[in-house]
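These notes concern the structure reproduced below.
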Amino acid sequence: MNYWLVKSEPFKYSWDQFVKDKKTFWDGVRNYAARNNLKAMKKGDQVFFYHSNEGLAIVGIAEVAKEAYQDPTTEDPNWVVVELKPVKAIPKPVTLDDIKAEPSLADMDLVRLSRLSVGAVKEAEYKKVLKMGGL
């Protein structure tokens, strides 16, 4: 299993809306590195849901329900989506400041590649964030 992080601005698509929807396809990615991460996702992989711009925190855990396929919002074959479903909220959202303050997370994509909207998460990072979030 692999671990990932996706970012969403809460005013555009929040964790609460995701939970209400019960699933979504992750569209609108127009960065090649982020697209490559979407293509690498496998069914069952765990995905942190991060509120960007406002909140700046990991607020939930999603799961890849369907692997990469053509982004239905564009005819350009370069872009793909994955389908995600919510698993659970993080009891204590883990803020970007919390992550930056934790030395073992200094190499996390969220910190190193701050503008990347879909990033990889190493297993040790995943476990550390879960612990920080009360899981």
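Starting from 1 in every chain, residues are counted up; chains themselves are A, B, ... following the order of the structure tokens, and ligands are numbered from 1 as listed.
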When DSSP works through the backbone of this structure, what residues of chain A end up as strand (DSSP E or B), shown as a PyMOL selection string?
chain A and resi 3-8+24-25+46-51+57-70+80-95+118-121
Might you pull out every residue within 9 Å of segment 106-108 of chain A, with only C-alpha atoms counted and same-chain residues fewer than 6 positions away left off, and present them as a list of chain:residue names?
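Within the cut-off, the hits are A:Ile99, A:Lys100, A:Gly119, A:Ala120, A:Val121, A:Lys122, A:Glu125.
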Would you mind exporting N, CA and C atoms of the selected residues as a short mmCIF file (atom, residue, chain, number, x, y, z; two decimals), in the first residue's frame?
data_model
loop_
_atom_site.label_atom_id
_atom_site.label_comp_id
_atom_site.auth_asym_id
_atom_site.auth_seq_id
_atom_site.Cartn_x
_atom_site.Cartn_y
_atom_site.Cartn_z
N ILE A 99 3.28 20.11 11.44
CA ILE A 99 4.12 19.28 10.58
C ILE A 99 5.51 19.88 10.45
N LYS A 100 5.58 21.18 10.23
CA LYS A 100 6.89 21.85 10.09
C LYS A 100 7.69 21.81 11.38
N GLY A 119 0.57 14.86 -3.49
CA GLY A 119 1.93 14.45 -3.12
C GLY A 119 1.98 13.07 -2.51
N ALA A 120 3.15 12.49 -2.59
CA ALA A 120 3.39 11.20 -1.96
C ALA A 120 3.66 11.40 -0.46
N VAL A 121 3.33 10.39 0.32
CA VAL A 121 3.59 10.38 1.76
C VAL A 121 4.26 9.04 2.07
N LYS A 122 5.40 9.11 2.73
CA LYS A 122 6.09 7.87 3.13
C LYS A 122 5.33 7.22 4.29
N GLU A 125 5.96 8.75 7.63
CA GLU A 125 5.30 10.06 7.74
C GLU A 125 3.80 9.87 8.01
#
Report the residues of chain A whose backbone DSSP state falls under alpha helix (DSSP H), written as number ranges by chain.
A: 15-21, 32-40, 96-101, 109-112, 123-132
Selected residues written out, N, CA and C atoms, as a short mmCIF file (atom, residue, chain, number, x, y, z; two decimals), in the first residue's frame:
data_model
loop_
_atom_site.label_atom_id
_atom_site.label_comp_id
_atom_site.auth_asym_id
_atom_site.auth_seq_id
_atom_site.Cartn_x
_atom_site.Cartn_y
_atom_site.Cartn_z
N TRP A 15 -13.76 18.93 3.40
CA TRP A 15 -13.88 17.57 3.94
C TRP A 15 -15.35 17.26 4.22
N ASP A 16 -16.07 18.20 4.84
CA ASP A 16 -17.48 17.97 5.17
C ASP A 16 -18.31 17.68 3.92
N GLN A 17 -18.04 18.41 2.84
CA GLN A 17 -18.76 18.16 1.59
C GLN A 17 -18.40 16.80 1.02
N PHE A 18 -17.13 16.44 1.11
CA PHE A 18 -16.65 15.13 0.64
C PHE A 18 -17.38 14.01 1.39
N VAL A 19 -17.51 14.15 2.70
CA VAL A 19 -18.20 13.14 3.51
C VAL A 19 -19.67 13.05 3.07
N LYS A 20 -20.32 14.20 2.85
CA LYS A 20 -21.71 14.20 2.39
C LYS A 20 -21.85 13.51 1.03
N ASP A 21 -20.88 13.77 0.14
CA ASP A 21 -20.92 13.19 -1.21
C ASP A 21 -20.63 11.69 -1.22
N TYR A 32 2.16 18.29 -14.02
CA TYR A 32 2.60 16.96 -14.42
C TYR A 32 3.05 16.09 -13.25
N ALA A 33 3.73 16.67 -12.28
CA ALA A 33 4.17 15.89 -11.11
C ALA A 33 2.96 15.38 -10.33
N ALA A 34 1.98 16.26 -10.11
CA ALA A 34 0.76 15.86 -9.41
C ALA A 34 0.00 14.81 -10.22
N ARG A 35 -0.07 15.01 -11.53
CA ARG A 35 -0.73 14.04 -12.41
C ARG A 35 -0.05 12.67 -12.32
N ASN A 36 1.28 12.66 -12.29
CA ASN A 36 2.01 11.40 -12.18
C ASN A 36 1.70 10.70 -10.86
N ASN A 37 1.52 11.48 -9.81
CA ASN A 37 1.12 10.89 -8.52
C ASN A 37 -0.27 10.28 -8.61
N LEU A 38 -1.20 10.96 -9.28
CA LEU A 38 -2.54 10.39 -9.47
C LEU A 38 -2.43 9.06 -10.23
N LYS A 39 -1.61 9.04 -11.27
CA LYS A 39 -1.45 7.82 -12.08
C LYS A 39 -0.85 6.67 -11.26
N ALA A 40 -0.05 7.00 -10.24
CA ALA A 40 0.60 5.97 -9.42
C ALA A 40 -0.30 5.42 -8.33
N LEU A 96 -0.22 22.56 9.29
CA LEU A 96 1.06 22.71 8.60
C LEU A 96 2.14 23.13 9.60
N ASP A 97 1.80 24.00 10.54
CA ASP A 97 2.77 24.40 11.56
C ASP A 97 3.20 23.21 12.41
N ASP A 98 2.25 22.34 12.76
CA ASP A 98 2.58 21.12 13.52
C ASP A 98 3.56 20.26 12.73
N ILE A 99 3.28 20.11 11.44
CA ILE A 99 4.12 19.28 10.58
C ILE A 99 5.51 19.88 10.45
N LYS A 100 5.58 21.18 10.23
CA LYS A 100 6.89 21.85 10.09
C LYS A 100 7.69 21.81 11.38
N ALA A 101 7.00 21.72 12.52
CA ALA A 101 7.68 21.69 13.82
C ALA A 101 8.20 20.30 14.17
N ASP A 109 6.65 15.73 1.31
CA ASP A 109 6.33 16.51 0.11
C ASP A 109 5.56 17.79 0.45
N LEU A 110 4.66 17.71 1.41
CA LEU A 110 3.87 18.88 1.81
C LEU A 110 4.77 20.04 2.22
N VAL A 111 5.91 19.74 2.82
CA VAL A 111 6.85 20.76 3.28
C VAL A 111 7.81 21.16 2.15
N ARG A 112 8.41 20.17 1.50
CA ARG A 112 9.43 20.41 0.48
C ARG A 112 8.86 20.95 -0.84
N GLU A 123 5.48 5.91 4.42
CA GLU A 123 4.76 5.18 5.46
C GLU A 123 5.06 5.72 6.86
N ALA A 124 6.33 6.03 7.14
CA ALA A 124 6.69 6.56 8.46
C ALA A 124 6.04 7.92 8.69
N GLU A 125 5.96 8.75 7.63
CA GLU A 125 5.30 10.06 7.74
C GLU A 125 3.80 9.87 8.01
N TYR A 126 3.21 8.93 7.30
CA TYR A 126 1.79 8.64 7.47
C TYR A 126 1.48 8.26 8.92
N LYS A 127 2.26 7.33 9.44
CA LYS A 127 2.05 6.87 10.82
C LYS A 127 2.26 8.00 11.82
N LYS A 128 3.26 8.83 11.59
CA LYS A 128 3.54 9.95 12.50
C LYS A 128 2.37 10.94 12.50
N VAL A 129 1.87 11.28 11.32
CA VAL A 129 0.75 12.22 11.23
C VAL A 129 -0.49 11.63 11.91
N LEU A 130 -0.74 10.34 11.71
CA LEU A 130 -1.87 9.70 12.40
C LEU A 130 -1.75 9.85 13.91
N LYS A 131 -0.55 9.59 14.42
CA LYS A 131 -0.33 9.71 15.86
C LYS A 131 -0.55 11.16 16.32
N MET A 132 -0.02 12.11 15.57
CA MET A 132 -0.19 13.53 15.92
C MET A 132 -1.68 13.92 15.88
#
Just checking: using only C-alpha atoms, which residue out of A:Met41, A:Tyr13, A:Ile61, A:Arg30 ends up closest to Ala89 of chain A?
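Of A:Met41, A:Tyr13, A:Ile61, A:Arg30, the one nearest Ala89 of chain A, counting only C-alpha atoms, is A:Ile61.
Of note, atom CA of Asp45 of chain A and atom CA of Lys23 of chain A are spaced 14.6 Å apart.
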